[in-house]
file my_file.cif (mmCIF, C-alpha atoms)
data_model
#
loop_
_atom_site.group_PDB
_atom_site.id
_atom_site.type_symbol
_atom_site.label_atom_id
_atom_site.label_comp_id
_atom_site.auth_asym_id
_atom_site.auth_seq_id
_atom_site.Cartn_x
_atom_site.Cartn_y
_atom_site.Cartn_z
ATOM 1 C CA MET A 918 8.955 -24.968 -35.111
ATOM 2 C CA LYS A 919 6.464 -27.653 -34.014
ATOM 3 C CA SER A 920 3.128 -28.018 -35.831
ATOM 4 C CA LYS A 921 1.341 -27.142 -32.560
ATOM 5 C CA ASP A 922 3.315 -23.871 -32.376
ATOM 6 C CA ILE A 923 2.512 -23.077 -36.012
ATOM 7 C CA PHE A 924 -1.204 -23.675 -35.414
ATOM 8 C CA SER A 925 -1.105 -21.547 -32.271
ATOM 9 C CA LEU A 926 0.626 -18.757 -34.205
ATOM 10 C CA MET A 927 -1.947 -19.005 -37.009
ATOM 11 C CA VAL A 928 -4.922 -18.589 -34.678
ATOM 12 C CA ASN A 929 -3.246 -16.088 -32.374
ATOM 13 C CA PRO A 930 -0.289 -14.289 -33.960
ATOM 14 C CA PHE A 931 -0.999 -11.380 -31.605
ATOM 15 C CA SER A 932 0.941 -13.045 -28.783
ATOM 16 C CA ARG A 933 4.012 -12.233 -30.903
ATOM 17 C CA ILE A 934 2.968 -9.216 -32.967
ATOM 18 C CA ALA A 935 0.729 -6.247 -32.156
ATOM 19 C CA GLY A 936 0.708 -2.456 -32.331
ATOM 20 C CA TRP A 937 2.390 -0.625 -35.206
ATOM 21 C CA GLN A 938 4.221 -3.769 -36.407
ATOM 22 C CA ALA A 939 0.927 -5.638 -36.803
ATOM 23 C CA PHE A 940 -0.656 -2.597 -38.453
ATOM 24 C CA GLY A 941 2.184 -2.315 -40.983
ATOM 25 C CA LEU A 942 2.071 -6.003 -41.864
ATOM 26 C CA GLY A 943 -1.735 -6.081 -41.884
ATOM 27 C CA LEU A 944 -1.955 -2.989 -44.093
ATOM 28 C CA ALA A 945 0.513 -4.483 -46.593
ATOM 29 C CA ILE A 946 -1.569 -7.688 -46.787
ATOM 30 C CA VAL A 947 -4.822 -5.705 -47.100
ATOM 31 C CA ILE A 948 -3.346 -3.649 -49.986
ATOM 32 C CA VAL A 949 -2.276 -6.859 -51.770
ATOM 33 C CA THR A 950 -5.769 -8.280 -51.086
ATOM 34 C CA GLY A 951 -7.303 -5.146 -52.640
ATOM 35 C CA PHE A 952 -5.138 -5.398 -55.765
ATOM 36 C CA ILE A 953 -5.687 -9.121 -56.324
ATOM 37 C CA GLY A 954 -9.364 -8.775 -55.382
ATOM 38 C CA THR A 955 -9.826 -6.155 -58.120
ATOM 39 C CA PHE A 956 -8.344 -8.416 -60.791
ATOM 40 C CA SER A 957 -10.276 -11.465 -59.550
ATOM 41 C CA ASN A 958 -13.526 -9.476 -59.072
ATOM 42 C CA VAL A 959 -13.750 -10.433 -55.395
ATOM 43 C CA ALA A 960 -15.384 -7.677 -53.348
ATOM 44 C CA PHE A 961 -14.967 -7.624 -49.568
ATOM 45 C CA ASP A 962 -18.214 -5.757 -49.003
ATOM 46 C CA GLY A 963 -18.556 -6.183 -45.255
ATOM 47 C CA VAL A 964 -16.375 -6.918 -42.256
ATOM 48 C CA ILE A 965 -16.711 -10.695 -42.726
ATOM 49 C CA ASP A 966 -18.189 -10.697 -46.249
ATOM 50 C CA MET A 967 -16.873 -11.696 -49.640
ATOM 51 C CA HIS A 968 -18.766 -11.706 -52.932
ATOM 52 C CA LEU A 969 -17.889 -12.327 -56.542
ATOM 53 C CA THR A 970 -18.819 -9.357 -58.724
ATOM 54 C CA GLN A 971 -18.218 -8.147 -62.261
ATOM 55 C CA ASN A 972 -16.095 -5.190 -63.409
ATOM 56 C CA LEU A 973 -14.840 -4.322 -59.927
ATOM 57 C CA THR A 974 -12.723 -1.151 -59.929
ATOM 58 C CA PHE A 975 -9.672 -0.394 -57.774
ATOM 59 C CA VAL A 976 -11.542 2.492 -56.144
ATOM 60 C CA HIS A 977 -14.468 0.313 -55.114
ATOM 61 C CA SER A 978 -12.254 -2.576 -54.005
ATOM 62 C CA PHE A 979 -10.150 -0.342 -51.724
ATOM 63 C CA LYS A 980 -13.174 1.650 -50.503
ATOM 64 C CA PHE A 981 -14.822 -1.618 -49.383
ATOM 65 C CA LEU A 982 -11.696 -2.716 -47.506
ATOM 66 C CA ALA A 983 -11.206 0.740 -45.949
ATOM 67 C CA ILE A 984 -14.820 0.836 -44.740
ATOM 68 C CA ASP A 985 -14.459 -2.721 -43.341
ATOM 69 C CA ILE A 986 -11.338 -1.888 -41.333
ATOM 70 C CA VAL A 987 -12.534 1.533 -40.123
ATOM 71 C CA CYS A 988 -15.881 0.074 -38.943
ATOM 72 C CA LEU A 989 -14.190 -2.896 -37.277
ATOM 73 C CA VAL A 990 -11.547 -0.801 -35.498
ATOM 74 C CA LEU A 991 -14.037 1.854 -34.352
ATOM 75 C CA VAL A 992 -16.576 -0.629 -32.990
ATOM 76 C CA MET A 993 -13.901 -2.784 -31.324
ATOM 77 C CA THR A 994 -12.292 0.327 -29.777
ATOM 78 C CA ILE A 995 -15.656 1.406 -28.314
ATOM 79 C CA THR A 996 -16.119 -2.189 -27.069
ATOM 80 C CA GLY A 997 -12.656 -2.006 -25.505
ATOM 81 C CA PHE A 998 -13.585 1.170 -23.624
ATOM 82 C CA ILE A 999 -16.679 -0.608 -22.261
ATOM 83 C CA ILE A 1000 -15.163 -3.957 -21.249
ATOM 84 C CA SER A 1001 -11.497 -3.237 -20.553
ATOM 85 C CA LYS A 1002 -9.728 -1.386 -17.750
ATOM 86 C CA GLY A 1003 -6.924 -0.243 -20.025
ATOM 87 C CA PHE A 1004 -5.683 -0.854 -23.555
ATOM 88 C CA ARG A 1005 -3.817 0.867 -26.391
ATOM 89 C CA ILE A 1006 -5.864 1.917 -29.444
ATOM 90 C CA ILE A 1007 -2.839 1.101 -31.648
ATOM 91 C CA ASP A 1008 -3.109 -2.539 -30.505
ATOM 92 C CA ILE A 1009 -6.740 -2.702 -31.618
ATOM 93 C CA LEU A 1010 -5.851 -0.987 -34.921
ATOM 94 C CA GLY A 1011 -2.864 -3.256 -35.568
ATOM 95 C CA THR A 1012 -4.342 -6.590 -34.525
ATOM 96 C CA MET A 1013 -7.696 -5.989 -36.269
ATOM 97 C CA THR A 1014 -5.968 -4.964 -39.520
ATOM 98 C CA LEU A 1015 -3.755 -8.060 -39.394
ATOM 99 C CA ALA A 1016 -6.799 -10.226 -38.583
ATOM 100 C CA LYS A 1017 -8.137 -9.349 -42.055
ATOM 101 C CA ALA A 1018 -5.167 -11.215 -43.616
ATOM 102 C CA PRO A 1019 -6.905 -14.609 -44.276
ATOM 103 C CA TYR A 1020 -9.159 -12.891 -46.824
ATOM 104 C CA LEU A 1021 -6.130 -12.685 -49.139
ATOM 105 C CA ILE A 1022 -6.662 -16.429 -49.733
ATOM 106 C CA LEU A 1023 -10.164 -15.743 -51.071
ATOM 107 C CA ALA A 1024 -8.893 -12.931 -53.308
ATOM 108 C CA ILE A 1025 -6.331 -15.336 -54.809
ATOM 109 C CA ALA A 1026 -8.864 -18.189 -55.076
ATOM 110 C CA GLY A 1027 -11.304 -15.827 -56.798
ATOM 111 C CA TYR A 1028 -8.741 -15.368 -59.584
ATOM 112 C CA PHE A 1029 -9.214 -19.015 -60.572
ATOM 113 C CA THR A 1030 -12.993 -18.971 -60.210
ATOM 114 C CA VAL A 1031 -15.418 -18.793 -63.101
ATOM 115 C CA SER A 1032 -18.429 -16.883 -61.854
ATOM 116 C CA PRO A 1033 -21.772 -18.094 -63.221
ATOM 117 C CA ASP A 1034 -23.754 -15.446 -65.121
ATOM 118 C CA ILE A 1035 -26.060 -13.690 -62.659
ATOM 119 C CA LYS A 1036 -28.965 -13.523 -65.160
ATOM 120 C CA GLU A 1037 -28.756 -17.275 -65.680
ATOM 121 C CA VAL A 1038 -28.572 -17.828 -61.904
ATOM 122 C CA MET A 1039 -31.715 -15.711 -61.434
ATOM 123 C CA LYS A 1040 -33.511 -17.934 -63.926
ATOM 124 C CA ASN A 1041 -32.163 -21.183 -62.523
ATOM 125 C CA PRO A 1042 -30.264 -21.026 -59.160
ATOM 126 C CA PHE A 1043 -29.062 -24.639 -59.537
ATOM 127 C CA ILE A 1044 -26.828 -23.544 -62.421
ATOM 128 C CA VAL A 1045 -24.167 -22.581 -59.812
ATOM 129 C CA PHE A 1046 -23.523 -26.290 -59.263
ATOM 130 C CA GLN A 1047 -22.216 -26.510 -62.840
ATOM 131 C CA SER A 1048 -19.223 -24.313 -61.906
ATOM 132 C CA VAL A 1049 -16.788 -26.463 -59.905
ATOM 133 C CA SER A 1050 -14.466 -23.504 -59.223
ATOM 134 C CA PHE A 1051 -17.399 -21.514 -57.802
ATOM 135 C CA ILE A 1052 -18.332 -24.385 -55.459
ATOM 136 C CA ILE A 1053 -14.692 -24.715 -54.358
ATOM 137 C CA LEU A 1054 -14.519 -20.962 -53.628
ATOM 138 C CA THR A 1055 -17.786 -21.116 -51.676
ATOM 139 C CA LEU A 1056 -16.531 -24.078 -49.611
ATOM 140 C CA LEU A 1057 -13.148 -22.386 -49.093
ATOM 141 C CA SER A 1058 -14.858 -19.224 -47.841
ATOM 142 C CA ILE A 1059 -16.246 -21.155 -44.816
ATOM 143 C CA PRO A 1060 -12.918 -22.067 -43.116
ATOM 144 C CA VAL A 1061 -11.396 -18.736 -44.143
ATOM 145 C CA THR A 1062 -14.296 -16.829 -42.539
ATOM 146 C CA ILE A 1063 -14.027 -18.986 -39.383
ATOM 147 C CA TRP A 1064 -10.270 -18.304 -39.300
ATOM 148 C CA GLY A 1065 -10.915 -14.576 -39.773
ATOM 149 C CA ILE A 1066 -13.500 -14.467 -36.965
ATOM 150 C CA THR A 1067 -11.125 -16.427 -34.678
ATOM 151 C CA LEU A 1068 -8.426 -13.845 -35.387
ATOM 152 C CA PHE A 1069 -10.837 -10.936 -34.688
ATOM 153 C CA HIS A 1070 -11.746 -12.623 -31.375
ATOM 154 C CA ASN A 1071 -8.129 -13.183 -30.366
ATOM 155 C CA ALA A 1072 -7.236 -9.643 -31.445
ATOM 156 C CA LEU A 1073 -9.835 -8.232 -29.026
ATOM 157 C CA LYS A 1074 -8.817 -10.700 -26.296
ATOM 158 C CA THR A 1075 -5.102 -9.858 -26.509
ATOM 159 C CA SER A 1076 -5.547 -6.112 -26.982
ATOM 160 C CA CYS A 1077 -8.037 -5.607 -24.146
ATOM 161 C CA ASP A 1078 -7.051 -8.415 -21.708
ATOM 162 C CA VAL A 1079 -10.605 -9.666 -21.243
ATOM 163 C CA LYS A 1080 -11.622 -13.302 -20.857
ATOM 164 C CA GLY A 1081 -14.650 -15.539 -20.361
ATOM 165 C CA GLY A 1082 -18.313 -14.811 -20.997
ATOM 166 C CA LYS A 1083 -17.824 -11.043 -20.964
ATOM 167 C CA LEU A 1084 -15.388 -11.301 -23.887
ATOM 168 C CA VAL A 1085 -17.581 -13.713 -25.890
ATOM 169 C CA ILE A 1086 -20.767 -11.639 -25.547
ATOM 170 C CA ALA A 1087 -18.990 -8.328 -26.207
ATOM 171 C CA PHE A 1088 -17.201 -9.799 -29.227
ATOM 172 C CA ILE A 1089 -20.350 -11.245 -30.819
ATOM 173 C CA VAL A 1090 -22.261 -7.973 -30.363
ATOM 174 C CA ALA A 1091 -19.311 -5.881 -31.628
ATOM 175 C CA LEU A 1092 -18.810 -8.078 -34.700
ATOM 176 C CA LEU A 1093 -22.504 -7.957 -35.600
ATOM 177 C CA VAL A 1094 -22.652 -4.187 -35.102
ATOM 178 C CA SER A 1095 -19.513 -3.619 -37.202
ATOM 179 C CA GLU A 1096 -20.900 -5.907 -39.936
ATOM 180 C CA ILE A 1097 -24.220 -4.027 -40.010
ATOM 181 C CA ILE A 1098 -22.525 -0.592 -40.038
ATOM 182 C CA SER A 1099 -20.063 -1.583 -42.775
ATOM 183 C CA LYS A 1100 -22.829 -3.090 -44.921
ATOM 184 C CA THR A 1101 -24.991 0.017 -44.466
ATOM 185 C CA LEU A 1102 -22.120 2.388 -45.268
ATOM 186 C CA ILE A 1103 -21.111 0.403 -48.363
ATOM 187 C CA TYR A 1104 -24.743 0.366 -49.548
ATOM 188 C CA LYS A 1105 -25.215 4.119 -48.885
ATOM 189 C CA LEU A 1106 -21.867 5.341 -50.221
ATOM 190 C CA MET A 1107 -21.524 3.162 -53.334
ATOM 191 C CA MET B 392 11.532 -24.110 -5.618
ATOM 192 C CA LEU B 393 10.243 -23.323 -2.130
ATOM 193 C CA PRO B 394 7.074 -25.321 -1.329
ATOM 194 C CA THR B 395 4.247 -22.894 -0.526
ATOM 195 C CA TYR B 396 1.211 -25.171 -0.233
ATOM 196 C CA CYS B 397 0.581 -28.201 1.988
ATOM 197 C CA PRO B 398 0.867 -31.408 -0.080
ATOM 198 C CA SER B 399 -1.786 -33.001 2.139
ATOM 199 C CA CYS B 400 -4.588 -30.402 2.422
ATOM 200 C CA GLN B 401 -3.409 -27.658 -0.052
ATOM 201 C CA SER B 402 -3.488 -24.949 2.658
ATOM 202 C CA GLN B 403 -0.879 -22.198 2.541
ATOM 203 C CA LEU B 404 2.307 -23.169 4.402
ATOM 204 C CA LYS B 405 4.054 -20.987 7.003
ATOM 205 C CA VAL B 406 7.703 -20.831 8.017
ATOM 206 C CA LYS B 407 8.278 -22.659 11.313
ATOM 207 C CA CYS B 408 12.032 -22.626 11.660
ATOM 208 C CA LEU B 409 15.073 -20.777 10.276
ATOM 209 C CA LYS B 410 18.631 -21.916 10.838
ATOM 210 C CA CYS B 411 22.011 -20.154 10.754
ATOM 211 C CA GLU B 412 24.455 -22.402 8.880
ATOM 212 C CA SER B 413 27.401 -20.634 10.519
ATOM 213 C CA CYS B 414 26.596 -21.052 14.248
ATOM 214 C CA GLN B 415 23.728 -23.563 14.009
ATOM 215 C CA THR B 416 21.336 -21.185 15.844
ATOM 216 C CA GLU B 417 17.708 -21.992 15.113
ATOM 217 C CA VAL B 418 14.931 -19.384 15.180
ATOM 218 C CA SER B 419 11.512 -20.936 15.649
ATOM 219 C CA GLY B 420 8.109 -19.325 15.252
ATOM 220 C CA LEU B 421 5.259 -19.150 12.776
ATOM 221 C CA TYR B 422 6.064 -16.690 10.002
ATOM 222 C CA ASP B 423 4.059 -15.871 6.864
ATOM 223 C CA LEU B 424 5.797 -16.528 3.559
ATOM 224 C CA PRO B 425 6.507 -13.333 1.587
ATOM 225 C CA THR B 426 3.899 -12.668 -1.138
ATOM 226 C CA LEU B 427 6.473 -13.047 -3.919
ATOM 227 C CA ALA B 428 7.393 -16.535 -2.657
ATOM 228 C CA LEU B 429 3.781 -17.609 -3.130
ATOM 229 C CA LEU B 430 3.960 -16.945 -6.869
ATOM 230 C CA SER B 431 4.998 -19.625 -9.357
ATOM 231 C CA SER B 432 8.638 -19.744 -10.438
ATOM 232 C CA GLU B 433 7.602 -18.425 -13.904
ATOM 233 C CA ASN B 434 5.867 -15.447 -12.295
ATOM 234 C CA GLN B 435 8.871 -14.802 -10.026
ATOM 235 C CA GLN B 436 11.164 -14.955 -13.064
ATOM 236 C CA PHE B 437 8.893 -12.491 -14.873
ATOM 237 C CA ILE B 438 9.061 -10.026 -11.956
ATOM 238 C CA LEU B 439 12.844 -10.390 -11.836
ATOM 239 C CA ARG B 440 13.171 -9.625 -15.562
ATOM 240 C CA PHE B 441 10.687 -6.761 -15.174
ATOM 241 C CA VAL B 442 12.856 -5.137 -12.493
ATOM 242 C CA ILE B 443 16.072 -5.759 -14.473
ATOM 243 C CA ASN B 444 14.440 -4.082 -17.500
ATOM 244 C CA SER B 445 13.642 -1.020 -15.343
ATOM 245 C CA GLY B 446 9.937 -1.774 -15.510
ATOM 246 C CA SER B 447 9.837 -1.298 -19.274
ATOM 247 C CA LEU B 448 7.194 -3.553 -20.838
ATOM 248 C CA LYS B 449 8.523 -2.679 -24.299
ATOM 249 C CA GLU B 450 11.961 -4.023 -23.394
ATOM 250 C CA MET B 451 10.361 -7.070 -21.761
ATOM 251 C CA ALA B 452 8.374 -7.742 -24.944
ATOM 252 C CA SER B 453 11.514 -7.454 -27.021
ATOM 253 C CA GLU B 454 13.458 -9.771 -24.666
ATOM 254 C CA LEU B 455 10.710 -12.397 -24.458
ATOM 255 C CA LYS B 456 9.922 -12.094 -28.205
ATOM 256 C CA LEU B 457 6.273 -11.453 -27.340
ATOM 257 C CA SER B 458 3.938 -8.593 -28.218
ATOM 258 C CA TYR B 459 3.476 -5.624 -25.891
ATOM 259 C CA PRO B 460 -0.176 -6.415 -24.973
ATOM 260 C CA THR B 461 0.747 -10.056 -24.231
ATOM 261 C CA VAL B 462 3.452 -8.976 -21.777
ATOM 262 C CA ARG B 463 1.104 -6.387 -20.232
ATOM 263 C CA ASN B 464 -1.557 -9.115 -19.851
ATOM 264 C CA MET B 465 1.008 -11.371 -18.106
ATOM 265 C CA LEU B 466 1.781 -8.525 -15.702
ATOM 266 C CA ASN B 467 -1.955 -7.925 -15.091
ATOM 267 C CA GLU B 468 -2.345 -11.627 -14.261
ATOM 268 C CA ILE B 469 0.477 -11.421 -11.672
ATOM 269 C CA ILE B 470 -1.031 -8.223 -10.199
ATOM 270 C CA ASN B 471 -4.392 -9.993 -9.808
ATOM 271 C CA LYS B 472 -2.701 -12.976 -8.082
ATOM 272 C CA ILE B 473 -0.841 -10.652 -5.689
ATOM 273 C CA LYS B 474 -4.103 -8.831 -4.871
ATOM 274 C CA VAL B 475 -5.699 -12.181 -3.986
ATOM 275 C CA TYR B 476 -2.726 -13.184 -1.778
ATOM 276 C CA GLU B 477 -2.771 -9.833 0.006
ATOM 277 C CA LYS B 478 -6.467 -10.090 0.929
#
call {"tool": "encode", "arguments": {"input": "my_file.cif", "output": "structure tokens"}}
result
Amino acid sequence: MKSKDIFSLMVNPFSRIAGWQAFGLGLAIVIVTGFIGTFSNVAFDGVIDMHLTQNLTFVHSFKFLAIDIVCLVLVMTITGFIISKGFRIIDILGTMTLAKAPYLILAIAGYFTVSPDIKEVMKNPFIVFQSVSFIILTLLSIPVTIWGITLFHNALKTSCDVKGGKLVIAFIVALLVSEIISKTLIYKLM
Amino acid sequence: MLPTYCPSCQSQLKVKCLKCESCQTEVSGLYDLPTLALLSSENQQFILRFVINSGSLKEMASELKLSYPTVRNMLNEIINKIKVYEK
């Protein structure tokens, strides 16, 4: 396979996989992300969020991921009904779940990260620069988040067959709404 | 591949003459090209496979090794092109 094909598959795997297949694969990756995230104290507390915490439990880790996916799928499905003439909900469910896959990288990277003590950070925020692993994780989170957002965008594009300005505006609004709802739910329920 | 657009001004071409290879009879006139002939060879191939697969997008997706929504989107694109040609 050519490098161009690999790149194209990385940013839009949904041309090859969608529906129940994508949901199965996505769910398996999300479960692994939840497990590793618990051990590495990486909480995915928002649709596009990731934070290092302390003493993260399995229950909280999986509740965060479940809220993220439910919010994302619900908001994107409603968006689909508004902007698309016809689509299958299973495609939205499958592609959006699989689009969460890049966050596994952050869960793994978090395992090798030494988190600076929060009390010390509150006293002196510049102390974070003393932890190289923390800086690396922070820098790594930027491309991973961009990759994740690209996948969410392509998931909506492929599932709903919408292009151009209509897709871009609807996607930005839907992503922001799902982020706000997931953050609010996590804050209220936890 | 049958040419469908004028290489000089890009207007849609019409059929002027048809010939019988058996008796050499020529039929002249100005006939519209069929809508399907106006589509690209890829689109024509897609329609052919679609008919062979009994109109099943699932079977098309499996044959083309593409996802179901991708194949449905390809079909939607062809439908939109046909609608434009038929206007």
call {"tool": "residues_near_point", "arguments": {"input": "my_file.cif", "point": "(5.4, -16.0, -11.4)", "cutoff": "12 Å", "atoms": "all atoms listed in the file", "output": "PyMOL selection string"}}
result
chain B and resi 392+426-441+465-473
call {"tool": "interface_residues", "arguments": {"input": "my_file.cif", "of": "chain A", "to": "chain B", "cutoff": "9 Å", "atoms": "all atoms listed in the file", "output": "PDB file with C-alpha atoms, keeping the file's coordinate frame"}}
result
ATOM      1  CA  PHE A 931      -0.999 -11.380 -31.605  1.00  0.00           C
ATOM      2  CA  SER A 932       0.941 -13.045 -28.783  1.00  0.00           C
ATOM      3  CA  ARG A 933       4.012 -12.233 -30.903  1.00  0.00           C
ATOM      4  CA  ILE A 934       2.968  -9.216 -32.967  1.00  0.00           C
ATOM      5  CA  ALA A 935       0.729  -6.247 -32.156  1.00  0.00           C
ATOM      6  CA  GLY A 936       0.708  -2.456 -32.331  1.00  0.00           C
ATOM      7  CA  PHE A1004      -5.683  -0.854 -23.555  1.00  0.00           C
ATOM      8  CA  ARG A1005      -3.817   0.867 -26.391  1.00  0.00           C
ATOM      9  CA  ASP A1008      -3.109  -2.539 -30.505  1.00  0.00           C
ATOM     10  CA  THR A1075      -5.102  -9.858 -26.509  1.00  0.00           C
ATOM     11  CA  SER A1076      -5.547  -6.112 -26.982  1.00  0.00           C
ATOM     12  CA  CYS A1077      -8.037  -5.607 -24.146  1.00  0.00           C
ATOM     13  CA  ASP A1078      -7.051  -8.415 -21.708  1.00  0.00           C
TER      14      ASP A1078
END
call {"tool": "closest_atom_pairs", "arguments": {"input": "my_file.cif", "of": "stretch 1030-1103 of chain A", "to": "stretch 948-971 of chain A", "cutoff": "6 Å", "atoms": "all atoms listed in the file", "output": "tab-separated table"}}
result
residue	atom	partner	partner_atom	distance
A:Glu1096	CA	A:Val964	CA	5.2
A:Ser1099	CA	A:Gly963	CA	5.4
A:Lys1100	CA	A:Gly963	CA	5.3
call {"tool": "atom_distance", "arguments": {"input": "my_file.cif", "atom1": "atom CA of A:Leu1093", "atom2": "atom CA of A:Thr1067"}}
result
14.2 Å
call {"tool": "atom_distance", "arguments": {"input": "my_file.cif", "atom1": "atom CA of A:Ile1006", "atom2": "atom CA of A:Ile1066"}}
result
19.6 Å
call {"tool": "atom_distance", "arguments": {"input": "my_file.cif", "atom1": "atom CA of A:Phe981", "atom2": "atom CA of A:Ser925"}}
result
29.6 Å
call {"tool": "resolve_selection", "arguments": {"input": "my_file.cif", "expression": "the PyMOL selection byres ((chain B and resi 406) around 8)", "output": "NGL selection string"}}
result
:B and (404-405 or 407-409 or 420-424)
call {"tool": "residues_around", "arguments": {"input": "my_file.cif", "residues": "A:Thr1014", "least_positions_apart": "6", "cutoff": "8 Å", "atoms": "all atoms listed in the file", "output": "PyMOL selection string"}}
result
chain A and resi 939-940+943-944+947+986
call {"tool": "resolve_selection", "arguments": {"input": "my_file.cif", "expression": "the PyMOL selection byres ((chain A and resi 1053-1060) around 9)", "output": "list of chain:residue names"}}
result
A:Met967, A:Tyr1020, A:Ile1022, A:Leu1023, A:Ala1026, A:Gly1027, A:Phe1029, A:Thr1030, A:Ser1048, A:Val1049, A:Ser1050, A:Phe1051, A:Ile1052, A:Val1061, A:Thr1062, A:Ile1063, A:Trp1064, A:Gly1065
call {"tool": "axis_aligned_box", "arguments": {"input": "my_file.cif", "around": "stretch 1050-1058 of chain A", "padding_each_side": "3 Å", "output": "AutoDock Vina command-line options"}}
result
--center_x -15.7 --center_y -22.0 --center_z -53.5 --size_x 11.2 --size_y 11.5 --size_z 17.4
call {"tool": "resolve_selection", "arguments": {"input": "my_file.cif", "expression": "the PyMOL selection byres ((chain A and resi 1083) around 12)", "output": "PDB file with C-alpha atoms, keeping the file's coordinate frame"}}
result
ATOM      1  CA  THR A 996     -16.119  -2.189 -27.069  1.00  0.00           C
ATOM      2  CA  GLY A 997     -12.656  -2.006 -25.505  1.00  0.00           C
ATOM      3  CA  ILE A 999     -16.679  -0.608 -22.261  1.00  0.00           C
ATOM      4  CA  ILE A1000     -15.163  -3.957 -21.249  1.00  0.00           C
ATOM      5  CA  SER A1001     -11.497  -3.237 -20.553  1.00  0.00           C
ATOM      6  CA  LEU A1073      -9.835  -8.232 -29.026  1.00  0.00           C
ATOM      7  CA  LYS A1074      -8.817 -10.700 -26.296  1.00  0.00           C
ATOM      8  CA  CYS A1077      -8.037  -5.607 -24.146  1.00  0.00           C
ATOM      9  CA  ASP A1078      -7.051  -8.415 -21.708  1.00  0.00           C
ATOM     10  CA  VAL A1079     -10.605  -9.666 -21.243  1.00  0.00           C
ATOM     11  CA  LYS A1080     -11.622 -13.302 -20.857  1.00  0.00           C
ATOM     12  CA  GLY A1081     -14.650 -15.539 -20.361  1.00  0.00           C
ATOM     13  CA  GLY A1082     -18.313 -14.811 -20.997  1.00  0.00           C
ATOM     14  CA  LEU A1084     -15.388 -11.301 -23.887  1.00  0.00           C
ATOM     15  CA  VAL A1085     -17.581 -13.713 -25.890  1.00  0.00           C
ATOM     16  CA  ILE A1086     -20.767 -11.639 -25.547  1.00  0.00           C
ATOM     17  CA  ALA A1087     -18.990  -8.328 -26.207  1.00  0.00           C
ATOM     18  CA  PHE A1088     -17.201  -9.799 -29.227  1.00  0.00           C
ATOM     19  CA  ILE A1089     -20.350 -11.245 -30.819  1.00  0.00           C
ATOM     20  CA  VAL A1090     -22.261  -7.973 -30.363  1.00  0.00           C
ATOM     21  CA  ALA A1091     -19.311  -5.881 -31.628  1.00  0.00           C
TER      22      ALA A1091
END
call {"tool": "closest_residue", "arguments": {"input": "my_file.cif", "among": "A:Val1038, A:His977, A:Phe1043, A:Ser920", "to": "A:Tyr1104", "atoms": "only C-alpha atoms"}}
result
A:His977
call {"tool": "decode", "arguments": {"input": "my_file.cif", "residues": "stretch 1070-1101 of chain A", "atoms": "C-alpha atoms", "output": "PDB file, in the first residue's frame"}}
result
ATOM      1  CA  HIS A1070     -15.617  15.591  10.386  1.00  0.00           C
ATOM      2  CA  ASN A1071     -15.080  12.811   7.858  1.00  0.00           C
ATOM      3  CA  ALA A1072     -17.417  10.527   9.810  1.00  0.00           C
ATOM      4  CA  LEU A1073     -20.234  13.084   9.463  1.00  0.00           C
ATOM      5  CA  LYS A1074     -19.336  13.764   5.814  1.00  0.00           C
ATOM      6  CA  THR A1075     -19.367  10.082   4.814  1.00  0.00           C
ATOM      7  CA  SER A1076     -22.392   9.106   6.900  1.00  0.00           C
ATOM      8  CA  CYS A1077     -24.628  11.984   5.799  1.00  0.00           C
ATOM      9  CA  ASP A1078     -23.299  12.722   2.265  1.00  0.00           C
ATOM     10  CA  VAL A1079     -23.021  16.465   2.827  1.00  0.00           C
ATOM     11  CA  LYS A1080     -20.274  18.695   1.453  1.00  0.00           C
ATOM     12  CA  GLY A1081     -19.089  22.302   1.376  1.00  0.00           C
ATOM     13  CA  GLY A1082     -19.964  25.175   3.685  1.00  0.00           C
ATOM     14  CA  LYS A1083     -23.114  23.495   4.985  1.00  0.00           C
ATOM     15  CA  LEU A1084     -21.054  20.559   6.279  1.00  0.00           C
ATOM     16  CA  VAL A1085     -18.340  22.762   7.835  1.00  0.00           C
ATOM     17  CA  ILE A1086     -20.776  25.038   9.694  1.00  0.00           C
ATOM     18  CA  ALA A1087     -22.991  22.154  10.850  1.00  0.00           C
ATOM     19  CA  PHE A1088     -19.949  20.174  11.997  1.00  0.00           C
ATOM     20  CA  ILE A1089     -18.413  23.033  13.998  1.00  0.00           C
ATOM     21  CA  VAL A1090     -21.728  23.797  15.729  1.00  0.00           C
ATOM     22  CA  ALA A1091     -22.418  20.090  16.408  1.00  0.00           C
ATOM     23  CA  LEU A1092     -18.932  19.495  17.828  1.00  0.00           C
ATOM     24  CA  LEU A1093     -19.162  22.522  20.120  1.00  0.00           C
ATOM     25  CA  VAL A1094     -22.647  21.547  21.300  1.00  0.00           C
ATOM     26  CA  SER A1095     -21.592  17.937  21.969  1.00  0.00           C
ATOM     27  CA  GLU A1096     -18.493  19.167  23.844  1.00  0.00           C
ATOM     28  CA  ILE A1097     -20.576  21.510  26.021  1.00  0.00           C
ATOM     29  CA  ILE A1098     -23.224  18.838  26.744  1.00  0.00           C
ATOM     30  CA  SER A1099     -20.628  16.173  27.578  1.00  0.00           C
ATOM     31  CA  LYS A1100     -18.704  18.552  29.851  1.00  0.00           C
ATOM     32  CA  THR A1101     -21.916  19.596  31.620  1.00  0.00           C
TER      33      THR A1101
END
